[in-house]
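One structure below.
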2 protein chains.
Amino acid sequence: MTTTTRYAFDTDTASTPVGEHEYAIDLSRRWTTMAGTANGGYLLATCLQALRREIPQPDLLSASAHYLRPGVTGPARIRTEVARIGRRTATGTAVLTCEDREIVRVLATFTDLAQAQGRTFESGKAPVLPPPERCVNPLESADWSASTIAGQIEFRTPEVPGFFRGAPGGTTSTEFWLRFADGRQPDPVALALLVDSTAPVVFDLGVSGSSTIELTVHIRRRPAPGWLACRVRTNHLINGFHEEDFDIWDSTGALVAQSRQLAIIPADS
Amino acid sequence: MTTTTRYAFDTDTASTPVGEHEYAIDLSRRWTTMAGTANGGYLLATCLQALRREIPQPDLLSASAHYLRPGVTGPARIRTEVARIGRRTATGTAVLTCEDREIVRVLATFTDLAQAQGRTFESGKAPVLPPPERCVNPLESADWSASTIAGQIEFRTPEVPGFFRGAPGGTTSTEFWLRFADGRQPDPVALALLVDSTAPVVFDLGVSGSSTIELTVHIRRRPAPGWLACRVRTNHLINGFHEEDFDIWDSTGALVAQSRQLAIIPADS
């Protein structure tokens with residue numbers, strides 16, 4: 001069997017059942033950050049892919065991940081527990097361990113978004129961006145060789161952000177396009193990876209690193225194929241801790257994901 | 001022993017160890033909503049009070065709660081599991097059950113906020129409100145007799161919001177003051193209750209109910225005593241699902257808590 005026809009996201013988040021509610025996975029080196037550790041969104045997606053095997057509802061609705069140790073690559077285990085399967089939603093836990101050391105613990109709720117009914121009233125606005133073909137690829141002008149996730153995801157920005165040019169501009173809000181580099185189209189679990197797939201916006205304050213403590217993502221609609229418009233903002237860096245809000249709209253201009261993470265920067269940043 | 005000298009929050013969130021990592025609690029009827037169910041923030045706080053007994057770090061940093069069934073009152077059990085106690089943070093799970101039916105599952109990380117060091121850079125601004133003594137008590141003009149939590153918390157608003165007067169104004173953002181009615185001062189775990197203590201802002205769209213699916217709160221600083229200034233906003237009600245962002249600043253004007261919940265309104269709203 002070869003995996004050459006599969007997308008990197010699907011290949012690298014797939015685990016194998018090895019017991020009741022237990023899965024084995026070889027965490028890929030294709031999703032590491034500048035720090036050389038596995039991306040938190042990637043680890044979250046692997047947990048969700050295992051958990052969804054045991055849940056009848058097709059769509060991720062809400063996932064909360066608490067990160068206990070730096071992200072690892074290589075052999076790991078995922079232990080799942082289904083807490084409740086209801087008519088409309090189902091909830092469960094997934095715990096990813098490496099050599100019995102817990103790396104991330106996830107609590108997630110699934111639903112069938114196609115069955116969602118009720119009112120719609122939106123005051124939030126999608127980013128106003130030039131079309132992707134009139135934007136630039138900010139990664140072209142930066143040395144991201146230490147990061148492998150940068151090879152899996154394509155970005156388009158109206159202009160190259162300051163910190164990509166080694167000249168942090170002091171902004172803590174940004175808007176851009178992204179998509180998987182290999183043509184893999186977004187879906188709810190993929191969105192849970194994508195909300196953590198970019199360099200933290202606090203890097204534009206001259207900060208050199210950031211470790212996620214907690215990340216929650218809500219999936220608001222099934223995304224349409226195509227480029228995704230993103231808005232990322234940090235309003236409060238306090239004594240080294242910062243939140244990052246990362247919202248995604250699909251190619252039709254519909255909000256599809258909202259996330260917030262709490263992270264910590266190095267004390268000497 | 002009497003509990004007359006203790007505050008309602010402390011009395012009603014205290015549980016009794018009944019086994020290894022298991023606690024018994026009689027969930028109070030003093031924290032019910034208009035729907036007659038126990039408030040979600042109250043249930044979250046009870047879970048956190050049990051879990052913190054097993055964790056050396058003094059301050060709640062981040063808690064994520066997934067709500068599986070409507071909130072109950074009366075006898076319940078809380079099962080805890082400590083996932084990791086690290087040098088800086090510690091993480092664990094708490095599950096609240098009633099007659100073996102799981103009501104809420106919580107994942108939480110604690111730290112010592114007094115030890116937090118590193119940069120501070122804040123672009124977010126505190127609400128601009130008249131002082132509490134020049135605001136009004138919106139509950140005076142509404143019939144909240146079906147709600148007992150309204151008796152535990154005092155509010156002050158610049159003017160009475162439309163939906164309190166039976167005339168929903170169509171806004172989905174509001175700012176106001178709050179505090180515990182009995183003089184109990186805020187602390188990190190109390191903030192986890194308070195971010196869920198008010199009528200959902202979507203009520204100003206004429207919506208009559210809302211059930212929390214997931215709530216995450218991040219504690220950003222230990223709060224100073226006194227009134228708390230709050231900003232609540234819903235940007236996206238989509239097919240019945242809505243987020244609610246609830247941020248709290250303390251009496252010194254410092255951001256102390258940020259929360260977001262995903263909730264669902266009745267299909268006929």
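Ligands are numbered from 1 in the order shown, residues from 1 within each chain, and chains are lettered A, B, ... in the order they appear in the structure tokens.
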Could I get the residues of chain B with an atom no further than 6 Å from an atom of chain A, each paired with its nearest atom pair and that distance in Å to one decimal, using only C-alpha atoms, sorted by chain and residue number, as a tab-separated table?
```
residue	atom	partner	partner_atom	distance
B:Ala116	CA	A:Asn239	CA	5.6
B:Gln117	CA	A:Asn239	CA	4.6
B:Gly118	CA	A:Gly240	CA	4.1
B:Arg119	CA	A:Gly240	CA	5.1
B:Thr120	CA	A:Ile238	CA	4.3
B:Phe121	CA	A:Leu237	CA	4.9
B:Glu122	CA	A:His236	CA	4.4
B:Ser123	CA	A:Asn235	CA	5.0
B:Gly124	CA	A:Asn235	CA	4.8
B:Asn235	CA	A:Gly124	CA	4.8
B:His236	CA	A:Glu122	CA	4.4
B:Leu237	CA	A:Phe121	CA	5.0
B:Ile238	CA	A:Thr120	CA	4.3
B:Asn239	CA	A:Gly118	CA	4.4
B:Gly240	CA	A:Gly118	CA	4.1
B:Ala267	CA	A:Gly118	CA	4.7
```
Go ahead and write the residues just picked, C-alpha atoms, as a PDB file, in the first residue's frame.
```
ATOM      1  CA  ALA B 116       4.236  35.195  35.997  1.00  0.00           C
ATOM      2  CA  GLN B 117       6.954  37.255  34.425  1.00  0.00           C
ATOM      3  CA  GLY B 118       7.639  38.546  30.972  1.00  0.00           C
ATOM      4  CA  ARG B 119       6.443  41.345  28.770  1.00  0.00           C
ATOM      5  CA  THR B 120       3.148  43.176  28.986  1.00  0.00           C
ATOM      6  CA  PHE B 121       1.626  44.850  25.919  1.00  0.00           C
ATOM      7  CA  GLU B 122      -2.100  45.523  25.833  1.00  0.00           C
ATOM      8  CA  SER B 123      -4.081  47.058  23.002  1.00  0.00           C
ATOM      9  CA  GLY B 124      -7.474  45.981  24.372  1.00  0.00           C
ATOM     10  CA  ASN B 235     -20.791  38.491  16.665  1.00  0.00           C
ATOM     11  CA  HIS B 236     -22.158  35.365  15.033  1.00  0.00           C
ATOM     12  CA  LEU B 237     -25.493  33.655  15.636  1.00  0.00           C
ATOM     13  CA  ILE B 238     -25.467  30.977  12.909  1.00  0.00           C
ATOM     14  CA  ASN B 239     -28.286  28.465  12.449  1.00  0.00           C
ATOM     15  CA  GLY B 240     -29.069  28.649  16.159  1.00  0.00           C
ATOM     16  CA  ALA B 267     -35.096  26.224  17.251  1.00  0.00           C
TER      17      ALA B 267
END
```
Find, counting only C-alpha atoms, the residue in B:Arg30, B:Arg179, B:Arg156, B:Arg77 that gets nearest to B:Leu129.
B:Arg156
Write out as JSON, numbers by chain the residues lying within 10 Å of A:Arg165, counting only C-alpha atoms and excluding same-chain residues fewer than 5 positions away.
{"A": [138, 139, 141, 142, 143, 160]}
If you run DSSP over the backbone, which residues in stretch 186-261 of chain B end up strand (DSSP E)? Put them as a ChimeraX atom specification.
/B:211-219,228-233,236-238,241-249,255-261
Please list as a ChimeraX atom specification every residue within 9 Å of A:Leu43, counting only C-alpha atoms and excluding residues in the same chain fewer than 6 positions away.
/A:13,27,71-72,96,103-104,193
Leaving out stretch 194-196 of chain A and any residue of its chain fewer than 2 positions from it, which residues lie within 10 Å of it when counting only C-alpha atoms, given as a VMD selection string?
chain A and resid 39 to 42 44 to 45 153 178 to 180 186 188 to 192 198 to 200 212 215 to 217 228 230 to 232 244 to 248 257 to 261
